[in-house]
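**Student:** For reference, this is data_8.txt, and it has compact mmCIF, C-alpha atoms.
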# COMPACT_ATOMS: atom_id res chain seq x y z
CA MET A 1 83.95 111.80 84.31
CA ALA A 2 81.27 109.36 83.28
CA SER A 3 82.68 109.41 79.74
CA SER A 4 86.09 108.16 80.91
CA PRO A 5 87.09 104.49 80.47
CA LEU A 6 88.03 104.02 84.10
CA SER A 7 85.66 101.20 84.97
CA SER A 8 88.44 98.62 84.60
CA LEU A 9 90.47 100.25 87.38
CA PRO A 10 90.14 99.03 90.98
CA PRO A 11 88.47 101.68 93.17
CA SER A 12 90.46 103.52 95.82
CA GLU A 13 89.46 103.96 99.44
CA GLY A 14 89.16 107.45 100.87
CA GLY A 15 89.56 109.51 97.67
CA PHE A 16 92.21 112.22 97.83
CA ARG A 17 92.77 111.75 101.54
CA ARG A 18 94.68 108.49 101.03
CA VAL A 19 96.12 109.36 97.63
CA VAL A 20 97.85 112.72 97.93
CA GLY A 21 99.08 113.33 101.46
CA GLU A 22 102.72 114.38 101.24
CA ASP A 23 103.55 112.00 98.39
CA PRO A 24 105.46 114.08 95.78
CA THR A 25 104.54 111.56 93.05
CA ALA A 26 100.76 111.77 93.62
CA PHE A 27 98.54 112.56 90.65
CA ALA A 28 94.78 112.93 90.94
CA LEU A 29 91.70 114.14 89.07
CA GLN A 30 88.30 114.08 90.74
CA ASN A 31 84.87 115.61 90.25
CA LEU A 32 81.28 114.82 91.17
CA GLU A 33 81.24 111.74 88.93
CA GLY A 34 84.50 110.24 90.16
CA GLY A 35 88.01 110.32 88.81
CA LEU A 36 91.48 108.84 88.78
CA ALA A 37 94.44 108.75 91.15
CA ALA A 38 98.02 107.55 90.68
CA ARG A 39 101.15 107.15 92.75
CA GLY A 40 104.81 106.48 92.04
CA PHE A 41 107.07 106.96 89.02
CA ARG A 42 107.84 103.98 86.80
CA ARG A 43 109.14 106.02 83.92
CA LEU A 44 109.00 109.62 82.71
CA LEU A 45 107.79 110.26 79.16
CA PRO A 46 110.56 112.13 77.31
CA GLY A 47 109.33 115.71 77.10
CA GLY A 48 108.50 117.58 73.94
CA PRO A 49 106.00 119.93 72.27
CA VAL A 50 102.34 118.96 72.11
CA GLU A 51 102.60 118.38 68.36
CA THR A 52 104.78 115.32 69.03
CA LEU A 53 102.86 113.91 72.02
CA ALA A 54 100.99 111.21 70.08
CA ALA A 55 104.18 109.85 68.52
CA ARG A 56 106.09 109.97 71.81
CA ALA A 57 103.29 108.19 73.67
CA ALA A 58 103.04 105.45 71.04
CA GLU A 59 106.82 104.90 71.17
CA PHE A 60 106.72 104.85 74.97
CA PHE A 61 104.07 102.13 75.21
CA ALA A 62 105.80 100.05 72.52
CA ALA A 63 109.06 100.12 74.52
CA GLU A 64 107.58 99.70 78.02
CA PRO A 65 105.95 96.25 78.32
CA GLU A 66 105.23 96.42 82.06
CA GLY A 67 103.22 98.67 84.37
CA PRO A 68 99.92 100.53 83.95
CA ARG A 69 99.15 101.28 80.31
CA ARG A 70 98.47 104.94 81.09
CA LEU A 71 100.39 108.20 81.26
CA VAL A 72 99.32 111.01 83.59
CA GLY A 73 100.49 114.58 83.92
CA ALA A 74 100.36 118.14 82.61
CA LEU A 75 100.91 120.17 79.45
CA PRO A 76 102.31 123.71 79.61
CA PHE A 77 100.56 126.68 78.01
CA ASP A 78 103.30 127.11 75.39
CA ARG A 79 102.78 124.55 72.61
CA GLU A 80 106.54 124.33 72.06
CA ALA A 81 107.50 123.89 75.72
CA HIS A 82 108.06 120.40 77.15
CA ASP A 83 105.21 118.55 78.81
CA ARG A 84 105.43 116.58 82.06
CA LEU A 85 103.86 113.09 81.83
CA HIS A 86 104.82 109.85 83.51
CA GLN A 87 103.79 106.22 83.89
CA PRO A 88 102.81 105.67 87.54
CA GLU A 89 103.44 102.60 89.67
CA LYS A 90 99.81 102.32 90.77
CA ILE A 91 96.60 103.78 89.43
CA ARG A 92 93.08 103.70 90.88
CA ALA A 93 89.60 104.93 90.05
CA LEU A 94 88.08 107.43 92.48
CA GLU A 95 84.39 107.28 93.24
CA GLY A 96 82.05 110.19 93.91
CA PRO A 97 82.82 113.77 94.95
CA ALA A 98 86.13 114.66 96.54
CA PHE A 99 84.99 116.17 99.85
CA ARG A 100 82.03 117.50 101.76
CA ARG A 101 81.62 121.21 102.28
CA GLY A 102 83.15 122.42 105.53
CA SER A 103 85.10 119.20 106.06
CA VAL A 104 88.52 120.90 106.34
CA PRO A 105 89.45 124.14 108.15
CA ALA A 106 91.16 127.03 106.37
CA LEU A 107 94.89 126.54 105.84
CA ALA A 108 95.79 130.02 107.10
CA GLU A 109 94.06 129.84 110.49
CA GLY A 110 96.41 131.22 113.15
CA GLY A 111 99.99 132.27 112.58
CA SER A 112 101.36 135.38 110.89
CA PRO A 113 99.93 137.11 107.80
CA TRP A 114 101.16 135.52 104.59
CA GLY A 115 103.33 137.42 102.13
CA VAL A 116 101.58 138.28 98.85
CA SER A 117 103.30 139.71 95.78
CA PRO A 118 101.16 140.37 92.67
CA GLU A 119 103.17 139.81 89.50
CA PRO A 120 102.29 141.96 87.63
CA THR A 121 100.48 144.40 89.88
CA ARG A 122 96.83 145.12 89.21
CA ALA A 123 97.81 148.55 87.79
CA ALA A 124 100.41 147.01 85.48
CA TYR A 125 97.88 144.42 84.36
CA MET A 126 95.40 147.16 83.48
CA ARG A 127 98.09 148.93 81.43
CA ALA A 128 98.70 145.67 79.54
CA VAL A 129 94.98 145.36 78.82
CA ALA A 130 94.90 148.95 77.57
CA GLU A 131 97.83 148.18 75.26
CA ALA A 132 96.08 145.04 74.02
CA LEU A 133 92.99 147.11 73.18
CA LYS A 134 95.17 149.47 71.12
CA ILE A 135 96.56 146.49 69.20
CA LEU A 136 93.06 145.13 68.64
CA ARG A 137 91.90 148.50 67.32
CA ARG A 138 94.84 148.61 64.92
CA GLU A 139 94.12 145.03 63.87
CA GLU A 140 90.31 145.11 63.89
CA ASP A 141 90.18 144.79 60.11
CA ALA A 142 93.17 142.47 60.02
CA GLU A 143 94.36 139.49 62.05
CA LEU A 144 94.16 139.67 65.86
CA ARG A 145 90.61 139.40 67.24
CA LYS A 146 91.14 138.37 70.88
CA VAL A 147 93.98 138.04 73.35
CA VAL A 148 93.75 136.48 76.82
CA LEU A 149 95.93 138.27 79.37
CA SER A 150 96.69 136.78 82.77
CA ARG A 151 98.37 137.84 85.98
CA SER A 152 99.84 135.88 88.86
CA VAL A 153 100.08 136.25 92.62
CA ALA A 154 103.08 134.84 94.51
CA ILE A 155 102.32 133.75 98.09
CA LEU A 156 104.75 132.98 100.89
CA ALA A 157 103.02 131.13 103.73
CA ASP A 158 104.22 130.87 107.33
CA ARG A 159 104.44 127.07 106.99
CA PRO A 160 104.57 124.44 104.21
CA ILE A 161 101.25 124.45 102.40
CA ASP A 162 99.22 121.31 103.10
CA ARG A 163 98.37 119.99 99.63
CA GLU A 164 95.83 117.48 100.90
CA ALA A 165 93.96 120.15 102.85
CA LEU A 166 94.08 122.55 99.91
CA LEU A 167 92.58 119.94 97.59
CA ALA A 168 89.93 119.19 100.21
CA ARG A 169 88.94 122.85 100.32
CA LEU A 170 88.83 123.09 96.53
CA GLY A 171 86.81 119.87 96.32
CA GLU A 172 83.97 121.36 98.36
CA ASP A 173 82.70 122.90 95.10
CA PRO A 174 80.85 120.07 93.30
CA SER A 175 80.89 121.92 89.95
CA VAL A 176 84.65 121.65 89.33
CA THR A 177 87.29 119.01 88.64
CA VAL A 178 89.95 119.07 91.34
CA PHE A 179 93.44 118.09 90.27
CA CYS A 180 96.99 117.54 91.46
CA ALA A 181 99.86 116.97 89.01
CA PRO A 182 103.50 116.58 90.09
CA LEU A 183 105.97 118.85 88.26
CA SER A 184 109.21 117.77 89.95
CA GLY A 185 111.30 114.71 89.24
CA LEU A 186 112.63 112.15 91.70
CA GLY A 187 115.27 113.71 93.93
CA GLU A 188 114.06 117.27 93.20
CA PRO A 189 112.26 119.51 95.72
CA PRO A 190 108.54 118.65 95.52
CA ARG A 191 106.56 120.94 93.22
CA ALA A 192 103.01 120.34 92.02
CA LEU A 193 100.19 121.99 90.10
CA LEU A 194 96.94 122.01 92.09
CA GLY A 195 93.61 123.48 91.12
CA ALA A 196 89.86 123.29 90.57
CA THR A 197 89.05 123.68 86.90
CA PRO A 198 85.54 124.08 85.45
CA GLU A 199 86.61 123.38 81.84
CA LEU A 200 86.95 120.13 79.91
CA LEU A 201 89.41 120.56 77.04
CA VAL A 202 88.84 117.19 75.40
CA SER A 203 87.93 113.60 76.24
CA ARG A 204 87.97 110.51 74.06
CA LYS A 205 86.40 107.11 74.72
CA GLY A 206 86.71 104.91 71.68
CA ARG A 207 85.25 106.94 68.80
CA LEU A 208 83.32 109.28 71.11
CA VAL A 209 84.84 112.73 71.65
CA ALA A 210 83.72 115.70 73.77
CA SER A 211 84.84 119.21 74.65
CA HIS A 212 83.18 121.81 76.87
CA PRO A 213 84.72 125.23 76.20
CA LEU A 214 83.97 128.14 78.52
CA ALA A 215 84.32 131.81 77.58
CA GLY A 216 82.54 134.83 78.99
CA SER A 217 82.53 135.17 82.77
CA ALA A 218 80.96 137.14 85.64
CA ARG A 219 81.46 137.10 89.40
CA ARG A 220 78.72 135.35 91.39
CA GLY A 221 76.41 137.67 93.33
CA GLY A 222 76.45 138.02 97.11
CA ASP A 223 72.77 137.07 97.56
CA PRO A 224 70.33 134.99 95.47
CA GLU A 225 68.77 137.99 93.73
CA ALA A 226 72.09 139.61 92.88
CA ASP A 227 73.43 136.23 91.77
CA ARG A 228 70.46 135.72 89.44
CA ARG A 229 70.96 139.18 87.93
CA GLN A 230 74.66 138.48 87.34
CA GLY A 231 73.87 135.26 85.50
CA GLU A 232 71.12 136.86 83.41
CA GLY A 233 73.39 139.78 82.62
CA LEU A 234 76.10 137.44 81.37
CA LEU A 235 73.63 135.63 79.11
CA ALA A 236 72.45 138.98 77.72
CA SER A 237 75.95 140.41 77.20
CA GLU A 238 76.65 140.95 73.50
CA LYS A 239 80.40 141.20 74.19
CA ASP A 240 80.50 137.92 76.15
CA GLN A 241 78.28 136.10 73.66
CA ARG A 242 80.56 137.22 70.84
CA GLU A 243 83.65 136.10 72.75
CA HIS A 244 82.08 132.73 73.53
CA ALA A 245 80.91 132.11 69.97
CA ALA A 246 84.44 132.63 68.65
CA VAL A 247 85.82 129.99 71.02
CA VAL A 248 83.10 127.45 70.17
CA GLU A 249 83.63 128.04 66.45
CA ALA A 250 87.38 127.43 66.78
CA VAL A 251 86.91 124.19 68.75
CA ALA A 252 84.24 122.93 66.32
CA GLU A 253 86.41 123.76 63.30
CA ALA A 254 89.32 121.82 64.82
CA LEU A 255 87.21 118.72 65.49
CA ALA A 256 84.86 118.73 62.47
CA PRO A 257 87.30 117.31 59.88
CA LEU A 258 87.90 114.30 62.14
CA CYS A 259 84.27 113.57 62.97
CA ALA A 260 81.51 111.67 61.20
CA ARG A 261 79.09 113.45 63.52
CA LEU A 262 79.56 116.62 65.58
CA THR A 263 76.86 118.21 67.74
CA VAL A 264 77.35 121.90 68.54
CA PRO A 265 74.47 123.64 70.40
CA LYS A 266 73.52 126.97 68.83
CA THR A 267 73.41 128.88 72.12
CA PRO A 268 75.53 128.61 75.27
CA ALA A 269 74.29 127.66 78.71
CA LEU A 270 75.20 129.17 82.06
CA ARG A 271 77.84 127.21 83.97
CA ALA A 272 78.24 128.08 87.65
CA THR A 273 81.13 127.47 90.02
CA ALA A 274 81.19 128.65 93.62
CA ALA A 275 82.79 131.97 92.61
CA MET A 276 81.95 132.54 88.93
CA TRP A 277 79.31 132.36 86.21
CA HIS A 278 80.55 131.15 82.81
CA LEU A 279 79.06 130.72 79.37
CA GLY A 280 79.62 127.12 78.29
CA THR A 281 78.84 124.94 75.28
CA ARG A 282 79.28 121.15 75.37
CA ILE A 283 80.42 119.82 71.99
CA GLU A 284 80.10 116.08 71.30
CA GLY A 285 81.04 114.00 68.30
CA GLU A 286 81.96 110.64 66.84
CA LEU A 287 85.35 110.24 65.19
CA LYS A 288 85.59 108.89 61.63
CA GLU A 289 88.81 107.05 62.45
CA ASP A 290 90.82 105.99 65.47
CA VAL A 291 92.44 109.36 66.28
CA PRO A 292 94.19 109.25 69.69
CA VAL A 293 93.39 111.86 72.31
CA ALA A 294 96.98 113.16 72.04
CA GLU A 295 96.31 114.24 68.44
CA LEU A 296 93.09 115.93 69.53
CA LEU A 297 95.10 117.82 72.16
CA ALA A 298 97.54 118.97 69.49
CA ARG A 299 94.67 120.36 67.43
CA LEU A 300 92.89 122.12 70.29
CA HIS A 301 95.55 123.36 72.74
CA PRO A 302 95.58 126.17 73.64
CA THR A 303 92.01 127.14 72.78
CA PRO A 304 90.94 130.76 72.22
CA ALA A 305 89.47 130.67 75.76
CA VAL A 306 92.99 130.84 77.25
CA CYS A 307 95.06 132.22 74.37
CA GLY A 308 93.04 134.20 71.82
CA LEU A 309 92.36 134.40 68.10
CA PRO A 310 94.11 133.56 65.93
CA ARG A 311 96.30 131.37 68.11
CA GLU A 312 99.77 132.35 66.86
CA ALA A 313 99.12 136.10 66.80
CA ALA A 314 97.51 135.95 70.26
CA ALA A 315 100.44 133.97 71.69
CA GLN A 316 102.84 136.59 70.35
CA ALA A 317 100.80 139.37 71.98
CA ILE A 318 100.76 137.46 75.28
CA ALA A 319 104.55 137.10 75.20
CA GLN A 320 104.86 140.82 74.50
CA LEU A 321 102.39 142.07 77.12
CA GLU A 322 102.24 139.69 80.10
CA GLY A 323 105.84 139.95 81.25
CA TYR A 324 106.15 136.47 82.82
CA ASP A 325 106.16 132.79 81.87
CA ARG A 326 102.81 131.07 82.46
CA GLY A 327 104.42 127.66 82.84
CA PHE A 328 101.66 125.08 83.27
CA TYR A 329 98.90 127.62 83.95
CA ALA A 330 96.32 127.59 81.10
CA GLY A 331 97.86 124.34 79.88
CA ALA A 332 96.09 121.05 80.47
CA VAL A 333 96.10 118.28 83.05
CA GLY A 334 94.89 114.74 82.48
CA TRP A 335 95.71 111.24 81.30
CA LEU A 336 95.94 109.11 78.19
CA ASP A 337 96.21 105.37 77.66
CA GLU A 338 97.71 102.94 75.18
CA ALA A 339 94.41 102.67 73.29
CA GLY A 340 94.32 106.41 72.64
CA ASP A 341 91.58 107.21 75.14
CA GLY A 342 91.95 109.94 77.73
CA GLU A 343 90.56 113.01 79.42
CA TRP A 344 92.17 116.46 79.67
CA PHE A 345 91.06 119.58 81.52
CA VAL A 346 92.27 123.14 81.08
CA SER A 347 94.52 123.98 84.05
CA LEU A 348 92.57 126.94 85.44
CA ARG A 349 91.88 128.19 89.01
CA CYS A 350 95.22 126.71 89.90
CA ALA A 351 98.51 127.27 91.69
CA GLU A 352 102.00 125.85 91.61
CA ILE A 353 102.84 124.71 95.14
CA ALA A 354 106.38 124.18 96.43
CA GLY A 355 106.79 123.96 100.20
CA GLU A 356 105.60 127.22 101.76
CA LYS A 357 105.44 128.95 98.34
CA ALA A 358 102.49 129.18 95.96
CA ARG A 359 101.93 131.00 92.70
CA LEU A 360 98.30 131.60 91.70
CA TYR A 361 97.05 132.56 88.25
CA ALA A 362 93.99 134.11 86.62
CA GLY A 363 93.23 135.52 83.18
CA ALA A 364 90.57 137.32 81.17
CA GLY A 365 89.79 137.57 77.48
CA VAL A 366 90.38 140.98 75.90
CA VAL A 367 88.19 141.78 72.89
CA PRO A 368 86.82 145.01 71.41
CA GLY A 369 84.45 146.31 74.07
CA SER A 370 86.64 145.19 76.99
CA THR A 371 87.86 147.69 79.57
CA PRO A 372 91.00 147.47 81.74
CA GLU A 373 88.93 147.88 84.91
CA ALA A 374 86.49 145.09 84.02
CA GLU A 375 89.22 142.63 83.03
CA ALA A 376 91.20 143.35 86.22
CA GLU A 377 88.03 142.75 88.25
CA GLU A 378 87.45 139.46 86.40
CA THR A 379 90.95 138.22 87.28
CA SER A 380 90.40 139.19 90.92
CA ALA A 381 87.13 137.26 90.94
CA LYS A 382 88.83 134.19 89.47
CA LEU A 383 91.66 134.37 92.02
CA VAL A 384 89.05 134.04 94.77
CA THR A 385 88.78 130.27 94.25
CA MET A 386 92.39 129.57 95.23
CA LEU A 387 92.67 132.41 97.77
CA ARG A 388 89.56 131.25 99.59
CA ALA A 389 90.85 127.68 99.67
CA LEU A 390 94.13 128.90 101.14
CA GLY A 391 92.26 131.08 103.63
CA VAL A 392 93.74 134.46 102.65
CA ASP A 393 92.81 137.51 100.58
CA GLU A 394 94.91 139.32 97.97
CA THR A 395 96.75 141.19 100.73
CA GLY A 396 97.71 138.00 102.60
CA ARG A 397 95.36 138.66 105.51
CA HIS A 398 93.67 135.58 106.93
CA LEU A 399 89.99 135.36 106.02
CA THR A 400 89.15 134.13 109.52
CA GLU A 401 90.58 137.37 110.93
CA LYS A 402 88.50 139.46 108.50
CA ALA A 403 85.35 137.61 109.51
CA ALA A 404 86.11 138.25 113.17
Is it possible to express this structure as structure tokens?

**Tutor:**
Amino acid sequence: MASSPLSSLPPSEGGFRRVVGEDPTAFALQNLEGGLAARGFRRLLPGGPVETLAARAAEFFAAEPEGPRRLVGALPFDREAHDRLHQPEKIRALEGPAFRRGSVPALAEGGSPWGVSPEPTRAAYMRAVAEALKILRREEDAELRKVVLSRSVAILADRPIDREALLARLGEDPSVTVFCAPLSGLGEPPRALLGATPELLVSRKGRLVASHPLAGSARRGGDPEADRRQGEGLLASEKDQREHAAVVEAVAEALAPLCARLTVPKTPALRATAAMWHLGTRIEGELKEDVPVAELLARLHPTPAVCGLPREAAAQAIAQLEGYDRGFYAGAVGWLDEAGDGEWFVSLRCAEIAGEKARLYAGAGVVPGSTPEAEAEETSAKLVTMLRALGVDETGRHLTEKAA
């Protein structure tokens, strides 16, 4: 987060450990370069669609003379659904990585197996992918070019899920941005969105703007040689390169009219997390005028990496085929300030946590050349990040028991 204007904030002590705990108001973003943490509710931003976020934020700051001049929170996947942002009581900069590898034991050690309910099932998800491929074939000379289909896994633990420990486990991967965003209001049962995203949607610092879209993925190999082959195979994949290029083109086209300068590398680079290889392209530019980050969000969200192409047709296909409401999965989590600066990450590798319940999400882009089996395998690979942090597999069995 070196590009974030957080240097004016007083640093916190202890990172997530002293920020999150059991506080239902806690908000945090942290990666290898640092981050931001907030506590308490001063005032909730009236919700609305992303198209109105800039106007609502400007009105909020004009009417609220006291408190931190920042809003933190989450956007849902659906552009028309209401967002969840608030002005915190206290806000601090976080320094350095979240946690050291192996610093926290698995959450599911001991106790009974956890209940796991895939929604939809893997078989149902594959049928949805097959149907999407039929639509793409019918539309290959017309409108729809890509649709991103996701599935979820509902988990019932044998105890309330420790959010602090879960974030600690996720933060052992230095390649991701770990986040926690409250979704419940004061007096409501605590509910939060937690995750470890590899993808920057957009950041703005003054006139400088950046986005780092990811599209095209492969599971990491089990040994160094297999891992190298997986990465090389992803770079050589015509299907994945085509999928990635479409996402980069869409992001660049959205930003270009606003920028005096926009740098878009011609070829993607490999981006590795602990579980996955991704194709990524970092796009950087300089704005012509003082466009707030909220307006940039309205132009970019959701990108083709989590929705498809074109956006409206893909969203309609998702609503037809997925069979459930994504909520805040594949939305965005981040912050914005009174000056229009801010930083927002795509809410991926995440789960909604409420007491002993969790709902995990993962998706894959369906394009001509995709297969139901490959896309189902990709979602399973992406679910590994959250499952491993919880200490269970897709059946609910504890990973420590499997190792034994």

**Student:** Which residues come within 10 Å of Leu201 (chain A), counting only C-alpha atoms, excluding same-chain residues fewer than 6 positions away, as a ChimeraX atom specification?

**Tutor:** /A:210-214,251,296-297,300-303,331-334,343-347

**Student:** Of the candidates A:Ile155, A:Ala215, A:Val50, A:Leu399, which shows the shortest atom-to-atom distance to Ala354 (chain A), using all atoms listed in the file?

**Tutor:**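 The closest residue to Ala354 (chain A) is A:Ile155.
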
**Student:** Excluding region 218-234 of chain A and any residue of its chain fewer than 4 positions from it, enumerate the residues within 10 Å of it, using only C-alpha atoms, and give them as a PDB file with C-alpha atoms, in the coordinates of the input.

**Tutor:**
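See part11.pdb below for the written result:
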ATOM      1  CA  GLU A 238      76.650 140.950  73.500  1.00  0.00           C
ATOM      2  CA  LYS A 239      80.400 141.200  74.190  1.00  0.00           C
ATOM      3  CA  ASP A 240      80.500 137.920  76.150  1.00  0.00           C
ATOM      4  CA  GLN A 241      78.280 136.100  73.660  1.00  0.00           C
ATOM      5  CA  LEU A 270      75.200 129.170  82.060  1.00  0.00           C
ATOM      6  CA  ARG A 271      77.840 127.210  83.970  1.00  0.00           C
ATOM      7  CA  ALA A 272      78.240 128.080  87.650  1.00  0.00           C
ATOM      8  CA  THR A 273      81.130 127.470  90.020  1.00  0.00           C
ATOM      9  CA  ALA A 274      81.190 128.650  93.620  1.00  0.00           C
ATOM     10  CA  ALA A 275      82.790 131.970  92.610  1.00  0.00           C
ATOM     11  CA  MET A 276      81.950 132.540  88.930  1.00  0.00           C
ATOM     12  CA  TRP A 277      79.310 132.360  86.210  1.00  0.00           C
ATOM     13  CA  HIS A 278      80.550 131.150  82.810  1.00  0.00           C
ATOM     14  CA  LEU A 279      79.060 130.720  79.370  1.00  0.00           C
ATOM     15  CA  ALA A 374      86.490 145.090  84.020  1.00  0.00           C
ATOM     16  CA  GLU A 377      88.030 142.750  88.250  1.00  0.00           C
ATOM     17  CA  GLU A 378      87.450 139.460  86.400  1.00  0.00           C
ATOM     18  CA  THR A 379      90.950 138.220  87.280  1.00  0.00           C
ATOM     19  CA  SER A 380      90.400 139.190  90.920  1.00  0.00           C
ATOM     20  CA  ALA A 381      87.130 137.260  90.940  1.00  0.00           C
ATOM     21  CA  LYS A 382      88.830 134.190  89.470  1.00  0.00           C
ATOM     22  CA  VAL A 384      89.050 134.040  94.770  1.00  0.00           C
TER      23      VAL A 384
END

**Student:** Considering all atoms listed in the file, can you say which of A:Phe27, A:Tyr125, A:Phe60, A:Phe77 comes closest to Val153 (chain A)?

**Tutor:**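 The closest residue to Val153 (chain A) is A:Tyr125.
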
**Student:** Axis-aligned box over every listed atom of region 222-236 of chain A, padded by 4 Å per side: centre and edges in Å to one decimal, as JSON?

**Tutor:**
{"center_x": 72.6, "center_y": 137.4, "center_z": 87.6, "size_x": 15.7, "size_y": 12.8, "size_z": 27.8}

**Student:** What does the distance between CA of Ala54 (chain A) and CA of Glu89 (chain A) come to in Å, to one decimal place?

**Tutor:**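 Calculated distance between CA of Ala54 (chain A) and CA of Glu89 (chain A) is 21.5 Å.
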
**Student:** Give me the residues near region 128-131 of chain A as a PyMOL selection string, where near means some atom within 10 Å (using only C-alpha atoms) and where sequence neighbours in that chain fewer than 6 positions away do not count.

**Tutor:** chain A and resi 120+122+137+147-150+317-318+320-323+364-367+370-376

**Student:** Using only C-alpha atoms, find the one residue out of A:Leu255, A:Arg207, A:Leu200, A:Glu312 that sits nearest to Arg282 (chain A).

**Tutor:**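 Checking each of A:Leu255, A:Arg207, A:Leu200, A:Glu312 against Arg282 (chain A), counting only C-alpha atoms, the winner is A:Leu200.
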
**Student:** How many Å lie between CA of Arg42 (chain A) and CA of Ala294 (chain A), rounded to one decimal?

**Tutor:**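 Here the two named atoms are 20.5 Å from each other.
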
**Student:** Would you list the contacts of Pro68 (chain A) as a CSV table (one decimal) with C-alpha atoms, in the frame of the given file, taking every protein, DNA or RNA residue within 10 Å and counting only C-alpha atoms, but skipping same-chain residues closer than 3 positions in sequence?

**Tutor:**
chain,number,residue,atom,x,y,z
A,38,ALA,CA,98.0,107.6,90.7
A,42,ARG,CA,107.8,104.0,86.8
A,61,PHE,CA,104.1,102.1,75.2
A,64,GLU,CA,107.6,99.7,78.0
A,65,PRO,CA,106.0,96.2,78.3
A,71,LEU,CA,100.4,108.2,81.3
A,87,GLN,CA,103.8,106.2,83.9
A,88,PRO,CA,102.8,105.7,87.5
A,89,GLU,CA,103.4,102.6,89.7
A,90,LYS,CA,99.8,102.3,90.8
A,91,ILE,CA,96.6,103.8,89.4
A,337,ASP,CA,96.2,105.4,77.7
A,338,GLU,CA,97.7,102.9,75.2

**Student:** My list of candidates is A:Arg70, A:Leu133, A:Pro24, A:Ala157. Which is closest to Pro113 (chain A) when distances are computed with all atoms listed in the file?

**Tutor:**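 Of A:Arg70, A:Leu133, A:Pro24, A:Ala157, the one nearest Pro113 (chain A), counting all atoms listed in the file, is A:Ala157.
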
**Student:** Would you mind listing what lies within 10 Å of Tyr329 (chain A) as JSON, numbers by chain, with all atoms listed in the file counted and same-chain residues fewer than 2 positions away left out?

**Tutor:** {"A": [74, 75, 76, 77, 78, 150, 152, 193, 195, 306, 325, 326, 327, 331, 332, 333, 346, 347, 348, 349, 350, 351, 352, 359, 360, 361, 362, 363]}

**Student:** With distances taken over all atoms listed in the file, which residue among A:Glu188, A:Glu119, A:Glu243, A:Glu172 lies nearest Thr25 (chain A)?

**Tutor:**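 Of A:Glu188, A:Glu119, A:Glu243, A:Glu172, the one nearest Thr25 (chain A), counting all atoms listed in the file, is A:Glu188.
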
**Student:** Just the number, please: distance in Å from CA of Ala28 (chain A) to CA of Ala154 (chain A), one decimal.

**Tutor:**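 Interatomic distance, CA of Ala28 (chain A) to CA of Ala154 (chain A): 23.7 Å.
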
**Student:** Which residue, A:Thr197, A:Val176, A:Ala57, A:Ala313, has the smallest gap to Ala339 (chain A) when you use all atoms listed in the file?

**Tutor:** A:Ala57
